[in-house]
Each structure stands twice: as structure tokens, then as C-alpha cells.
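**Q** I'm passing along protein_37.cif; it holds mmCIF, C-alpha atoms.
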```cif
data_work
#
loop_
_atom_site.label_atom_id
_atom_site.label_comp_id
_atom_site.auth_asym_id
_atom_site.auth_seq_id
_atom_site.Cartn_x
_atom_site.Cartn_y
_atom_site.Cartn_z
CA MET A 1 45.67 140.66 76.95
CA ILE A 2 49.16 140.53 78.46
CA ASN A 3 48.57 136.96 79.71
CA GLY A 4 47.65 135.75 76.24
CA ILE A 5 50.58 137.46 74.54
CA TRP A 6 53.05 136.23 77.12
CA LEU A 7 51.91 132.62 76.73
CA LEU A 8 51.76 132.91 72.94
CA MET A 9 55.35 134.17 72.72
CA ILE A 10 56.64 131.24 74.79
CA LEU A 11 54.56 128.60 73.02
CA MET A 12 55.40 129.86 69.53
CA GLY A 13 59.09 129.95 70.36
CA ILE A 14 59.11 126.42 71.76
CA LEU A 15 57.07 124.99 68.88
CA LEU A 16 59.33 126.57 66.26
CA ALA A 17 62.53 125.54 68.02
CA GLY A 18 61.19 122.00 68.41
CA TRP A 19 60.14 121.84 64.78
CA GLN A 20 63.64 122.87 63.73
CA GLY A 21 65.01 120.10 65.96
CA LYS A 22 66.89 122.42 68.33
CA PRO A 23 64.94 122.54 71.58
CA GLU A 24 68.10 123.37 73.55
CA VAL A 25 67.84 126.91 72.14
CA VAL A 26 64.78 127.42 74.34
CA THR A 27 66.54 126.28 77.49
CA GLN A 28 69.50 128.52 76.84
CA ALA A 29 67.37 131.55 75.90
CA ALA A 30 65.19 131.22 78.98
CA PHE A 31 68.05 131.12 81.49
CA GLN A 32 70.10 133.73 79.71
CA ALA A 33 67.15 136.11 79.72
CA ALA A 34 66.42 135.48 83.39
CA GLN A 35 69.99 136.34 84.24
CA ALA A 36 70.02 139.42 82.00
CA ALA A 37 66.91 140.68 83.80
CA VAL A 38 68.68 140.62 87.15
CA VAL A 39 71.81 142.26 85.73
CA TYR A 40 69.66 145.02 84.28
CA SER A 41 67.90 145.77 87.54
CA LEU A 42 71.16 145.74 89.50
CA GLU A 43 72.60 148.27 87.08
CA LEU A 44 69.44 150.26 87.45
CA ILE A 45 70.12 150.70 91.18
CA GLY A 46 73.06 152.97 90.46
CA VAL A 47 71.36 155.01 87.77
CA MET A 48 68.17 155.28 89.82
CA SER A 49 69.99 156.46 92.93
CA PHE A 50 71.98 159.01 90.97
CA TRP A 51 69.06 160.61 89.15
CA LEU A 52 66.68 160.50 92.11
CA GLY A 53 69.34 162.22 94.20
CA MET A 54 69.73 164.95 91.60
CA MET A 55 65.99 165.31 91.32
CA LYS A 56 65.66 165.79 95.06
CA ILE A 57 68.11 168.68 94.87
CA ALA A 58 66.18 170.23 91.98
CA GLU A 59 62.98 169.73 93.95
CA GLU A 60 64.26 171.41 97.12
CA ALA A 61 65.57 174.31 95.06
CA GLY A 62 62.05 174.83 93.71
CA LEU A 63 63.03 174.02 90.13
CA VAL A 64 60.67 171.09 89.69
CA ASN A 65 57.78 173.17 90.97
CA ALA A 66 58.64 175.94 88.53
CA LEU A 67 58.45 173.41 85.69
CA VAL A 68 55.10 172.11 86.96
CA LYS A 69 53.67 175.62 87.15
CA LEU A 70 54.94 176.49 83.69
CA LEU A 71 53.31 173.48 82.02
CA LYS A 72 50.15 173.44 84.13
CA PRO A 73 47.68 174.14 81.31
CA LEU A 74 49.00 171.19 79.32
CA THR A 75 49.14 168.74 82.21
CA ARG A 76 45.62 169.58 83.42
CA LEU A 77 44.42 168.58 79.98
CA LEU A 78 46.41 165.32 79.84
CA PHE A 79 46.01 164.23 83.47
CA PRO A 80 42.68 165.50 84.74
CA SER A 81 42.60 162.83 87.48
CA VAL A 82 45.82 164.00 89.16
CA PRO A 83 45.03 166.73 91.71
CA ALA A 84 46.86 170.06 91.36
CA GLY A 85 49.99 170.21 93.49
CA HIS A 86 50.39 166.41 93.67
CA PRO A 87 54.07 165.37 93.56
CA ALA A 88 53.40 162.91 90.69
CA MET A 89 53.17 165.83 88.28
CA GLY A 90 56.76 166.91 88.93
CA SER A 91 58.12 163.41 88.27
CA ILE A 92 55.97 163.01 85.16
CA LEU A 93 57.32 166.25 83.70
CA MET A 94 60.94 165.41 84.58
CA ASN A 95 60.48 162.05 82.84
CA LEU A 96 59.00 163.57 79.70
CA SER A 97 61.74 166.23 79.56
CA ALA A 98 64.41 163.53 79.77
CA ASN A 99 62.69 161.58 77.00
CA ILE A 100 62.43 164.59 74.72
CA LEU A 101 66.10 165.42 75.18
CA GLY A 102 67.11 161.81 74.54
CA LEU A 103 68.51 161.28 78.04
CA GLY A 104 67.27 157.70 78.17
CA ASN A 105 68.92 156.69 81.42
CA ALA A 106 67.41 159.64 83.29
CA ALA A 107 63.93 158.99 81.93
CA THR A 108 63.49 155.60 83.63
CA PRO A 109 64.24 156.74 87.23
CA PHE A 110 61.91 159.74 86.94
CA GLY A 111 59.28 157.56 85.30
CA LEU A 112 59.39 154.92 88.02
CA LYS A 113 59.09 157.60 90.69
CA ALA A 114 56.09 159.02 88.86
CA MET A 115 54.46 155.57 88.80
CA GLN A 116 54.94 155.24 92.55
CA GLU A 117 53.31 158.57 93.16
CA LEU A 118 50.45 157.74 90.80
CA GLN A 119 49.98 154.49 92.72
CA ASP A 120 49.23 156.55 95.85
CA LEU A 121 46.16 157.85 94.03
CA ASN A 122 45.08 154.36 92.99
CA GLY A 123 42.13 152.69 94.70
CA THR A 124 42.68 149.23 93.21
CA LYS A 125 46.39 148.56 93.58
CA ASP A 126 46.73 145.77 91.01
CA THR A 127 45.01 147.67 88.20
CA ALA A 128 46.32 150.54 86.08
CA THR A 129 44.58 153.91 86.50
CA ASP A 130 43.63 156.29 83.70
CA ALA A 131 46.54 158.57 84.56
CA MET A 132 49.01 155.66 84.48
CA CYS A 133 47.77 154.57 81.06
CA THR A 134 48.12 158.12 79.71
CA PHE A 135 51.58 158.45 81.22
CA LEU A 136 52.75 155.18 79.66
CA ALA A 137 51.21 156.10 76.33
CA LEU A 138 53.32 159.28 76.37
CA ASN A 139 56.32 157.26 77.46
CA THR A 140 56.27 154.50 74.85
CA ALA A 141 55.76 157.08 72.12
CA CYS A 142 57.41 160.31 73.13
CA ILE A 143 58.43 163.10 70.80
CA THR A 144 62.23 163.11 70.45
CA LEU A 145 64.32 166.19 69.73
CA MET A 146 67.66 164.57 70.29
CA PRO A 147 68.11 160.91 69.35
CA THR A 148 71.60 160.92 70.89
CA MET A 149 72.29 157.19 70.74
CA ILE A 150 71.60 156.79 67.03
CA ILE A 151 73.53 159.96 66.15
CA GLY A 152 76.53 158.36 67.84
CA ILE A 153 76.12 155.17 65.81
CA ARG A 154 75.84 157.13 62.57
CA LEU A 155 78.90 159.17 63.46
CA SER A 156 81.01 156.07 64.07
CA ALA A 157 79.70 154.48 60.84
CA GLY A 158 81.19 157.42 58.94
CA SER A 159 78.04 159.31 57.99
CA ALA A 160 78.53 162.52 56.02
CA ASP A 161 75.70 164.07 58.02
CA PRO A 162 74.95 162.18 61.26
CA THR A 163 72.20 164.54 62.38
CA GLU A 164 70.21 164.63 59.14
CA ILE A 165 67.74 162.18 60.70
CA VAL A 166 66.79 164.57 63.52
CA GLY A 167 64.05 166.11 61.39
CA THR A 168 62.61 162.79 60.22
CA THR A 169 62.71 161.43 63.78
CA LEU A 170 60.90 164.50 65.03
CA PHE A 171 58.20 164.02 62.40
CA ALA A 172 57.77 160.30 63.11
CA THR A 173 57.72 160.71 66.88
CA ALA A 174 55.29 163.63 66.71
CA LEU A 175 52.81 161.50 64.75
CA GLY A 176 53.37 158.53 67.06
CA MET A 177 52.75 160.67 70.12
CA GLY A 178 49.64 162.14 68.54
CA MET A 179 48.33 158.64 67.92
CA ALA A 180 49.19 157.54 71.46
CA VAL A 181 47.32 160.46 73.05
CA THR A 182 44.32 160.02 70.76
CA ALA A 183 44.08 156.25 71.21
CA ASP A 184 44.50 156.60 74.97
CA ASN A 185 41.70 159.12 75.08
CA ILE A 186 39.29 157.01 73.04
CA LEU A 187 40.06 153.73 74.81
CA ARG A 188 39.71 155.40 78.21
CA ARG A 189 36.14 156.32 77.32
CA ILE A 190 35.39 152.82 76.06
CA TYR A 191 36.85 151.15 79.15
CA ARG A 192 35.17 153.50 81.59
CA GLY A 193 32.21 151.86 83.28
CA ARG A 194 33.33 148.48 81.99
CA LYS A 195 34.77 146.12 84.56
CA TYR A 196 38.57 146.35 84.54
CA GLY A 197 40.32 143.36 83.04
CA MET B 198 73.30 172.44 63.18
CA ASP B 199 75.44 169.32 63.27
CA LYS B 200 77.98 170.84 65.54
CA ILE B 201 75.41 172.35 67.89
CA LEU B 202 73.57 169.05 68.42
CA TYR B 203 76.77 167.15 68.90
CA GLU B 204 78.08 169.64 71.43
CA PHE B 205 74.73 169.65 73.19
CA SER B 206 74.75 165.92 73.72
CA ARG B 207 78.30 166.10 75.07
CA TRP B 208 77.60 168.95 77.47
CA ALA B 209 74.03 168.27 78.59
CA ILE B 210 74.78 166.16 81.67
CA PRO B 211 77.90 168.02 82.92
CA LEU B 212 76.07 171.32 82.53
CA PHE B 213 73.06 169.93 84.37
CA LEU B 214 75.31 168.69 87.18
CA PHE B 215 76.98 172.08 87.38
CA CYS B 216 73.93 174.31 87.37
CA ILE B 217 71.33 172.50 89.49
CA PRO B 218 73.37 171.85 92.64
CA LEU B 219 74.99 175.29 92.44
CA TYR B 220 71.62 177.02 92.09
CA ALA B 221 70.19 174.90 94.92
CA PHE B 222 73.17 175.70 97.16
CA LEU B 223 72.76 179.42 96.54
CA ARG B 224 69.13 179.07 97.59
CA GLY B 225 70.20 177.52 100.89
CA VAL B 226 69.57 173.83 100.10
CA LYS B 227 71.81 171.32 101.92
CA VAL B 228 72.83 169.74 98.63
CA TYR B 229 74.74 166.69 99.87
CA GLU B 230 72.17 165.57 102.43
CA CYS B 231 69.43 166.23 99.94
CA PHE B 232 71.07 164.04 97.29
CA ILE B 233 71.34 161.17 99.78
CA LYS B 234 67.69 161.48 100.73
CA GLY B 235 66.64 161.18 97.11
CA ALA B 236 69.09 158.43 96.22
CA GLU B 237 67.82 156.18 99.03
CA GLU B 238 64.69 155.44 97.04
CA GLY B 239 66.63 153.91 94.14
CA PHE B 240 67.33 150.50 95.62
CA GLY B 241 63.84 149.30 96.46
CA VAL B 242 62.39 150.09 93.07
CA ALA B 243 65.15 148.34 91.15
CA VAL B 244 64.75 145.17 93.21
CA ARG B 245 60.95 145.20 92.96
CA ILE B 246 60.95 144.98 89.15
CA ILE B 247 63.08 141.81 89.01
CA PRO B 248 60.25 139.21 88.83
CA TYR B 249 58.42 141.19 86.15
CA LEU B 250 61.58 141.62 84.11
CA VAL B 251 62.47 137.94 84.36
CA ALA B 252 59.01 136.93 83.16
CA MET B 253 59.00 139.29 80.20
CA MET B 254 62.61 138.91 79.12
CA MET B 255 62.34 135.14 79.30
CA ALA B 256 59.31 135.09 76.99
CA VAL B 257 60.88 137.57 74.55
CA GLY B 258 64.16 135.64 74.69
CA ILE B 259 62.55 132.31 73.74
CA PHE B 260 60.48 134.01 71.04
CA ARG B 261 63.56 135.70 69.55
CA GLN B 262 66.15 132.95 69.81
CA ALA B 263 63.82 130.37 68.28
CA GLY B 264 63.64 132.59 65.19
CA VAL B 265 59.93 133.40 65.26
CA MET B 266 60.64 136.96 64.09
CA GLU B 267 62.59 135.75 61.06
CA LEU B 268 59.80 133.34 60.22
CA ILE B 269 57.21 136.10 60.36
CA ALA B 270 59.47 138.44 58.38
CA ARG B 271 59.90 135.83 55.65
CA HIS B 272 56.20 135.18 55.26
CA SER B 273 54.83 138.69 55.54
CA GLY B 274 56.76 140.30 52.67
CA ASN B 275 53.56 141.02 50.73
CA LEU B 276 51.87 142.81 53.59
CA PHE B 277 54.94 144.99 54.16
CA GLN B 278 55.33 145.65 50.43
CA TRP B 279 51.76 146.85 50.40
CA LEU B 280 52.69 149.27 53.20
CA HIS B 281 55.77 150.39 51.19
CA ILE B 282 58.18 149.04 53.81
CA PRO B 283 61.42 147.73 52.27
CA PRO B 284 61.97 144.02 53.08
CA ASP B 285 65.36 144.62 54.74
CA ILE B 286 63.74 146.76 57.37
CA ILE B 287 61.11 144.17 58.40
CA PRO B 288 63.17 142.50 61.15
CA LEU B 289 63.82 145.88 62.75
CA ALA B 290 60.15 146.85 62.54
CA LEU B 291 59.13 143.59 64.22
CA MET B 292 61.82 143.75 66.88
CA ARG B 293 61.25 147.37 67.91
CA PRO B 294 58.32 146.89 70.35
CA PHE B 295 59.84 143.80 72.01
CA SER B 296 63.51 144.35 72.63
CA GLY B 297 65.44 147.61 72.74
CA GLY B 298 68.80 145.88 72.71
CA GLY B 299 67.78 143.56 69.89
CA ALA B 300 66.46 146.43 67.80
CA LEU B 301 69.58 148.50 68.40
CA GLY B 302 71.70 145.58 67.24
CA ILE B 303 69.70 145.19 64.02
CA ALA B 304 69.70 148.95 63.36
CA ALA B 305 73.47 149.20 63.89
CA GLU B 306 73.98 146.24 61.57
CA LEU B 307 71.77 147.78 58.84
CA ILE B 308 73.52 151.14 59.16
CA LYS B 309 76.90 149.47 58.88
CA SER B 310 76.14 147.20 55.93
CA TYR B 311 74.04 149.63 53.85
CA GLY B 312 75.91 152.76 54.94
CA PRO B 313 74.49 155.45 57.22
CA ASP B 314 73.60 157.69 54.28
CA SER B 315 71.70 155.09 52.26
CA LEU B 316 67.91 155.00 52.25
CA ILE B 317 67.86 151.88 54.45
CA GLY B 318 70.43 153.43 56.78
CA ARG B 319 68.40 156.59 57.17
CA LEU B 320 65.19 154.68 57.67
CA ALA B 321 66.76 152.42 60.29
CA SER B 322 68.18 155.49 62.06
CA THR B 323 64.83 157.23 62.10
CA MET B 324 62.98 154.15 63.37
CA GLN B 325 65.53 153.45 66.07
CA GLY B 326 65.56 157.07 67.20
CA SER B 327 61.79 157.07 67.46
CA THR B 328 59.65 154.96 69.74
CA ASP B 329 60.59 153.28 72.99
CA THR B 330 60.39 149.54 73.58
CA THR B 331 56.70 149.15 74.43
CA PHE B 332 56.84 145.74 76.15
CA PHE B 333 59.86 146.71 78.18
CA VAL B 334 58.45 150.04 79.36
CA LEU B 335 55.14 148.47 80.38
CA THR B 336 56.87 145.60 82.21
CA VAL B 337 59.26 147.80 84.15
CA TYR B 338 56.88 150.66 84.95
CA PHE B 339 53.90 148.57 85.98
CA GLY B 340 56.14 145.99 87.62
CA SER B 341 57.74 148.57 89.88
CA ILE B 342 54.40 149.23 91.60
CA GLY B 343 52.91 145.74 91.36
CA VAL B 344 50.19 146.54 88.83
CA ARG B 345 49.26 143.39 86.93
CA LYS B 346 46.19 144.55 85.00
CA TYR B 347 47.41 146.82 82.21
CA ARG B 348 43.95 147.51 80.75
CA TYR B 349 44.35 149.13 77.31
CA SER B 350 47.98 150.25 77.72
CA LEU B 351 49.50 147.59 75.49
CA ALA B 352 47.06 148.32 72.66
CA VAL B 353 47.88 152.03 72.81
CA GLY B 354 51.63 151.34 72.80
CA LEU B 355 51.49 148.99 69.82
CA LEU B 356 49.21 151.31 67.88
CA ALA B 357 51.66 154.14 68.47
CA ASP B 358 54.56 151.90 67.36
CA LEU B 359 52.76 151.14 64.11
CA THR B 360 52.06 154.83 63.56
CA THR B 361 55.70 155.75 64.14
CA LEU B 362 56.81 153.02 61.74
CA MET B 363 54.48 154.23 58.98
CA ALA B 364 55.43 157.85 59.60
CA SER B 365 59.15 156.99 59.44
CA VAL B 366 58.76 155.17 56.12
CA TYR B 367 56.69 158.01 54.69
CA ILE B 368 58.94 160.89 55.74
CA VAL B 369 62.25 159.18 54.87
CA ASN B 370 60.95 158.30 51.40
CA LYS B 371 59.58 161.79 50.92
CA ILE B 372 62.71 163.67 52.00
CA PHE B 373 65.56 161.46 50.85
CA LEU B 374 64.16 159.69 47.78
CA ALA B 375 63.27 162.83 45.81
#
```
Could you write out this file's structure as C-alpha cells?
**A**
Amino acid sequence: MINGIWLLMILMGILLAGWQGKPEVVTQAAFQAAQAAVVYSLELIGVMSFWLGMMKIAEEAGLVNALVKLLKPLTRLLFPSVPAGHPAMGSILMNLSANILGLGNAATPFGLKAMQELQDLNGTKDTATDAMCTFLALNTACITLMPTMIIGIRLSAGSADPTEIVGTTLFATALGMGMAVTADNILRRIYRGRKYG
Amino acid sequence: MDKILYEFSRWAIPLFLFCIPLYAFLRGVKVYECFIKGAEEGFGVAVRIIPYLVAMMMAVGIFRQAGVMELIARHSGNLFQWLHIPPDIIPLALMRPFSGGGALGIAAELIKSYGPDSLIGRLASTMQGSTDTTFFVLTVYFGSIGVRKYRYSLAVGLLADLTTLMASVYIVNKIFLA
């Protein structure tokens, strides 16, 4: 699926740009994006190091484990394939907490650490496991209590009530998350037994 | 409510940085050494995702800059009208799963030109505050561990995006239009 979409995006872009008689747009976009990708990952080094360092402290202090224990009933239900006491669970919960609180730049480091730990449980290294799919479903559509970024934008645009959208965001994200969990559950059953692809 | 949320977002990180290391120190953790040990892992991951990011951002970049989104937005007005989505919001709805930065730009522009307290402004705010950038998350997360077969992940992400979009339109109309 990803191969088809990737190719389709490139081909559609080139065809449209060519049809409009401005193929140079493609050249520029391609190289700009390639450069932006590297800039992003270099910036990520700092943020990653910072949050992973903090997480290690929280881990050693027993705080991450306390969180894992507290939410155990929920996580057993969502991630039945991750054994109890596996470190992935701590990272997964830290990531989801950061997402819920709108701390976007903390969510990515915890999430990437969680993926690494889930990969340890993976028998076929180039293929996503059930737990990874569930984790990403929760990640792309996570319930949000605190959309901090957009509140800031509304504030600077002179809104009379910058936080009035917190309730509507909560509603929309709750439904989105519900759909993500449901769809993940159904598709997992359909894909099971079928050859991965 | 306003004040509390605003203060929370200002204080969250400093408070976190104050409490966690202090608590850990009191429990006998060697905080500095521990931080270093955790931070060491940051570098490798960030470098590993580069090829995946280049591939995805290049495709999205060509797609966007060529104006494919605008073309789709122009020719799908009827479908969106049927879903009760205002035409001005279509570019944002289409951009959301592909590019976080692009979507943020459109949302900020809509909020500025229609006003943050208009229906469009509120809808744009709600949509932007909601889902994460599906393509980006999948690329970075799977890329960091070298997984190339995503199975049904993309379908789940896009389905959730659509749900969030519909839910945003519904709830904003219901609460602010009455």
C-alpha cells in the first residue's frame, strides 16, 4: 500500500506540474524536501537526547514503573502481545501521556524508544507487529486534553476565548481514537493468518 | 478555565524538570550520570530515520508544490458539501494527514483571515488540535527501526483522520452555530 501511494504522489505531482508548464517546481520541491528531512532529524538529536535523559532519571526513580503498574489493566487489553514487565510498556505510556498533554516534542522521543523495544519482540524485522500497529494507531489519533500549539496561535490572533476549542478538540480526538482502536482491532483479525504484505 | 490551561502549558515543563530529578535524587539516583546514559541513545535513532524521511518528504513535497491538493480541493466541492464541510476548510482537511507544517500554516492563515472566533476559525483550530500527521508518524516511527512493511497501519491512520474530521465538523457546528 505504501509503495503505491508513494509512487502515486510523485507521479501525480510531476504530471500536474508538467501540464501547467512548470516542471522546475518538481526539481525544487524534491531537493528542498530532502534537505528539510535532514534538518529535521538533526534537530531531533537534541530533543531526543534531552527527553531520553529525563526518562532515564524517571525510570531509575521508579516513576515509570509506577505508571505502568497503575495502567496495567488498560495496557493488557490494548497490547496483549507485550509480556508483562517488558520495558516497551513504560515507553508506550510515557509517549501517550505526552500526547495527551500536548507535549508534542516529548512524544516523539518516547515513541521512538517504544518502537525500538517493540522491535526486540519482533520475529520478522522488516514487518510491523500487531503491537506496533496498535501503538501507531493510538499515536496518529490520540485523545488531546491540551492542544497547546493551537491555543497559542489563537491567543496571538486576538481570540476572545483562546481555549474554547479545548472541548471540541477533546470530543473530536476521542471519536478519532475510538475509531483507531476499533479499526486496528478488526484489521488485525483480518490480517492474522494472511501472509504479511 | 482559560487562565488555568494557559498557566499549565507555561509551567508543565519547568515543573516536570523540577520534580522528577529532585524526587530521583532523594531516592538515591545518580541523576547526572543517569541523564547521560539515557541521552546517549538519542543520536543513533535520529540518524537512522534520515533515508525514510527523505523519501517521504520528497514525495509529499512534489505532491504539494505542484498543486495537486488545490486541484483536488477545487473538484471535490460537491463531495465535501455533502459531508457538510465548508469549502474553505477543504485544503486543511486534505493537508492534515500529509504534512504537519503545511497544515499548521493553512490553519494559522484561516484563523488570521476569518478571525479566531469565527466558525471557520474554530473549526480550523479544532482540526489542527486534533489528529497527528499520519504519514509523518508512520515514516518516522517505522523508519527508526527499519520496518518497511506497514501492514494495515496506514489504513487505520487515515480512517481515524477521516473520523476526527467528521467529528470536528459535527461538534463545532453543534456548539457554535446554535
**Q** As number ranges by chain, please: the residues near region 11-15 of chain A (cut-off 12 Å, all atoms listed in the file, same-chain neighbours under 5 positions excluded).
**A** A: 4-6, 20-30; B: 255-269
**Q** Find the spatial neighbours of region 150-153 of chain A, counting all atoms listed in the file, within a cut-off of 6 Å - ignore same-chain residues fewer than 3 positions away - and output them as a ChimeraX atom specification.
**A** /A:147,156,162
**Q** Using all atoms listed in the file, which residue out of A:Ile100, A:Arg189, A:Phe50, A:Pro80 lies closest to chain B?
**A** A:Phe50
**Q** Need the shell around Val38 (chain A): protein/DNA/RNA residues with any atom at most 9 Å away, counting all atoms listed in the file. Skip same-chain ones fewer than 2 positions apart. Format as a JSON list (two decimals) with C-alpha atoms, in the frame of the given file?
**A**
```json
[["chain", "number", "residue", "atom", "x", "y", "z"],
["A", 33, "ALA", "CA", 67.15, 136.11, 79.72],
["A", 34, "ALA", "CA", 66.42, 135.48, 83.39],
["A", 35, "GLN", "CA", 69.99, 136.34, 84.24],
["A", 36, "ALA", "CA", 70.02, 139.42, 82.00],
["A", 40, "TYR", "CA", 69.66, 145.02, 84.28],
["A", 41, "SER", "CA", 67.90, 145.77, 87.54],
["A", 42, "LEU", "CA", 71.16, 145.74, 89.50],
["A", 43, "GLU", "CA", 72.60, 148.27, 87.08],
["B", 244, "VAL", "CA", 64.75, 145.17, 93.21],
["B", 247, "ILE", "CA", 63.08, 141.81, 89.01],
["B", 248, "PRO", "CA", 60.25, 139.21, 88.83],
["B", 250, "LEU", "CA", 61.58, 141.62, 84.11],
["B", 251, "VAL", "CA", 62.47, 137.94, 84.36]]
```
**Q** Could you list the residues chosen by the PyMOL selection byres ((chain A and resi 115-129) around 7) in this structure as a PyMOL selection string?
**A** (chain A and resi 87-88+111-114+130-133) or (chain B and resi 338+342-348)
**Q** Could you tell me which of A:Asp161, A:Gly90, A:Val181, A:Leu187 comes closest to Gly62 (chain A) if we count all atoms listed in the file?
**A**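 Ranking A:Asp161, A:Gly90, A:Val181, A:Leu187 by distance to Gly62 (chain A), first place goes to A:Gly90.
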**Q** Since I can't run it myself right now, could you work out what the PyMOL selection byres ((chain B and resi 243) around 7) selects here and report it as an mmCIF file with C-alpha atoms, keeping the file's coordinate frame?
**A**
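That gives us out14.cif:
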```cif
data_model
loop_
_atom_site.group_PDB
_atom_site.id
_atom_site.type_symbol
_atom_site.label_atom_id
_atom_site.label_comp_id
_atom_site.auth_asym_id
_atom_site.auth_seq_id
_atom_site.Cartn_x
_atom_site.Cartn_y
_atom_site.Cartn_z
ATOM 1 C CA SER A 41 67.900 145.770 87.540
ATOM 2 C CA LEU A 42 71.160 145.740 89.500
ATOM 3 C CA LEU A 44 69.440 150.260 87.450
ATOM 4 C CA ILE A 45 70.120 150.700 91.180
ATOM 5 C CA GLY B 239 66.630 153.910 94.140
ATOM 6 C CA PHE B 240 67.330 150.500 95.620
ATOM 7 C CA GLY B 241 63.840 149.300 96.460
ATOM 8 C CA VAL B 242 62.390 150.090 93.070
ATOM 9 C CA VAL B 244 64.750 145.170 93.210
ATOM 10 C CA ARG B 245 60.950 145.200 92.960
ATOM 11 C CA ILE B 246 60.950 144.980 89.150
#
```
**Q** May I have the residues within 12 Å of Gly312 (chain B) as a PyMOL selection string, using only C-alpha atoms and disregarding those fewer than 6 positions away in the same chain?
**A** (chain A and resi 153-162) or (chain B and resi 304-306+318-322)
**Q** To verify the selection step, state as a PyMOL selection string which residues the PyMOL selection byres ((chain A and resi 169) around 9) yields on this input.
**A** (chain A and resi 143-147+165-168+170-174) or (chain B and resi 322-327+365+368)
**Q** Anything within 12 Å of (74.4, 163.2, 100.5): list those residues as a list of chain:residue names, counting all atoms listed in the file and sticking to the file's coordinates.
**A**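 Every residue inside that radius is included here: A:Ser49, A:Phe50, A:Leu52, A:Gly53, A:Met54, A:Lys56, A:Ile57, B:Pro218, B:Val226, B:Lys227, B:Val228, B:Tyr229, B:Glu230, B:Cys231, B:Phe232, B:Ile233, B:Lys234, B:Gly235, B:Ala236, B:Glu237.
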**Q** Could you turn the residues from that selection into a file that holds C-alpha atoms, as a PDB file, keeping the file's coordinate frame?
**A**
```pdb
ATOM      1  CA  SER A  49      69.990 156.460  92.930  1.00  0.00           C
ATOM      2  CA  PHE A  50      71.980 159.010  90.970  1.00  0.00           C
ATOM      3  CA  LEU A  52      66.680 160.500  92.110  1.00  0.00           C
ATOM      4  CA  GLY A  53      69.340 162.220  94.200  1.00  0.00           C
ATOM      5  CA  MET A  54      69.730 164.950  91.600  1.00  0.00           C
ATOM      6  CA  LYS A  56      65.660 165.790  95.060  1.00  0.00           C
ATOM      7  CA  ILE A  57      68.110 168.680  94.870  1.00  0.00           C
TER       8      ILE A  57
ATOM      9  CA  PRO B 218      73.370 171.850  92.640  1.00  0.00           C
ATOM     10  CA  VAL B 226      69.570 173.830 100.100  1.00  0.00           C
ATOM     11  CA  LYS B 227      71.810 171.320 101.920  1.00  0.00           C
ATOM     12  CA  VAL B 228      72.830 169.740  98.630  1.00  0.00           C
ATOM     13  CA  TYR B 229      74.740 166.690  99.870  1.00  0.00           C
ATOM     14  CA  GLU B 230      72.170 165.570 102.430  1.00  0.00           C
ATOM     15  CA  CYS B 231      69.430 166.230  99.940  1.00  0.00           C
ATOM     16  CA  PHE B 232      71.070 164.040  97.290  1.00  0.00           C
ATOM     17  CA  ILE B 233      71.340 161.170  99.780  1.00  0.00           C
ATOM     18  CA  LYS B 234      67.690 161.480 100.730  1.00  0.00           C
ATOM     19  CA  GLY B 235      66.640 161.180  97.110  1.00  0.00           C
ATOM     20  CA  ALA B 236      69.090 158.430  96.220  1.00  0.00           C
ATOM     21  CA  GLU B 237      67.820 156.180  99.030  1.00  0.00           C
TER      22      GLU B 237
END
```
**Q** Can you work out the spacing between CA of Gln278 (chain B) and CA of Lys309 (chain B) in Å, to one decimal?
**A**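 Atom-to-atom, CA of Gln278 (chain B) and CA of Lys309 (chain B) are spaced 23.5 Å apart.
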**Q** Figure out the distance between CA of Ala252 (chain B) and CA of Ala137 (chain A), please, to one decimal in Å.
**A** 21.8 Å
**Q** For N, CA, C and O atoms, please extract region 203-214 of chain B from the block and return it as a PDB file, in the first residue's frame.
**A**
```pdb
ATOM      1  N   TYR B 203      -3.769  28.008  30.426  1.00  0.00           N
ATOM      2  CA  TYR B 203      -2.645  28.805  29.951  1.00  0.00           C
ATOM      3  C   TYR B 203      -1.461  28.649  30.900  1.00  0.00           C
ATOM      4  O   TYR B 203      -0.329  28.410  30.485  1.00  0.00           O
ATOM      5  N   GLU B 204      -1.742  28.760  32.198  1.00  0.00           N
ATOM      6  CA  GLU B 204      -0.677  28.621  33.181  1.00  0.00           C
ATOM      7  C   GLU B 204      -0.096  27.210  33.144  1.00  0.00           C
ATOM      8  O   GLU B 204       1.104  27.012  33.293  1.00  0.00           O
ATOM      9  N   PHE B 205      -0.965  26.234  32.941  1.00  0.00           N
ATOM     10  CA  PHE B 205      -0.481  24.855  32.881  1.00  0.00           C
ATOM     11  C   PHE B 205       0.545  24.689  31.770  1.00  0.00           C
ATOM     12  O   PHE B 205       1.610  24.116  31.973  1.00  0.00           O
ATOM     13  N   SER B 206       0.202  25.210  30.588  1.00  0.00           N
ATOM     14  CA  SER B 206       1.107  24.996  29.459  1.00  0.00           C
ATOM     15  C   SER B 206       2.419  25.756  29.673  1.00  0.00           C
ATOM     16  O   SER B 206       3.459  25.354  29.163  1.00  0.00           O
ATOM     17  N   ARG B 207       2.390  26.841  30.434  1.00  0.00           N
ATOM     18  CA  ARG B 207       3.632  27.560  30.708  1.00  0.00           C
ATOM     19  C   ARG B 207       4.499  26.811  31.715  1.00  0.00           C
ATOM     20  O   ARG B 207       5.716  26.820  31.628  1.00  0.00           O
ATOM     21  N   TRP B 208       3.853  26.179  32.690  1.00  0.00           N
ATOM     22  CA  TRP B 208       4.586  25.603  33.816  1.00  0.00           C
ATOM     23  C   TRP B 208       4.903  24.115  33.668  1.00  0.00           C
ATOM     24  O   TRP B 208       5.709  23.584  34.432  1.00  0.00           O
ATOM     25  N   ALA B 209       4.247  23.451  32.731  1.00  0.00           N
ATOM     26  CA  ALA B 209       4.349  21.988  32.663  1.00  0.00           C
ATOM     27  C   ALA B 209       5.802  21.503  32.655  1.00  0.00           C
ATOM     28  O   ALA B 209       6.202  20.695  33.496  1.00  0.00           O
ATOM     29  N   ILE B 210       6.586  22.017  31.700  1.00  0.00           N
ATOM     30  CA  ILE B 210       7.951  21.506  31.539  1.00  0.00           C
ATOM     31  C   ILE B 210       8.862  21.915  32.710  1.00  0.00           C
ATOM     32  O   ILE B 210       9.534  21.055  33.286  1.00  0.00           O
ATOM     33  N   PRO B 211       8.874  23.213  33.101  1.00  0.00           N
ATOM     34  CA  PRO B 211       9.711  23.564  34.256  1.00  0.00           C
ATOM     35  C   PRO B 211       9.370  22.748  35.502  1.00  0.00           C
ATOM     36  O   PRO B 211      10.270  22.283  36.217  1.00  0.00           O
ATOM     37  N   LEU B 212       8.084  22.530  35.723  1.00  0.00           N
ATOM     38  CA  LEU B 212       7.656  21.785  36.908  1.00  0.00           C
ATOM     39  C   LEU B 212       8.148  20.339  36.825  1.00  0.00           C
ATOM     40  O   LEU B 212       8.625  19.760  37.801  1.00  0.00           O
ATOM     41  N   PHE B 213       8.028  19.782  35.638  1.00  0.00           N
ATOM     42  CA  PHE B 213       8.484  18.422  35.372  1.00  0.00           C
ATOM     43  C   PHE B 213       9.987  18.321  35.651  1.00  0.00           C
ATOM     44  O   PHE B 213      10.456  17.404  36.325  1.00  0.00           O
ATOM     45  N   LEU B 214      10.728  19.313  35.156  1.00  0.00           N
ATOM     46  CA  LEU B 214      12.181  19.317  35.321  1.00  0.00           C
ATOM     47  C   LEU B 214      12.587  19.534  36.773  1.00  0.00           C
ATOM     48  O   LEU B 214      13.673  19.145  37.184  1.00  0.00           O
TER      49      LEU B 214
END
```
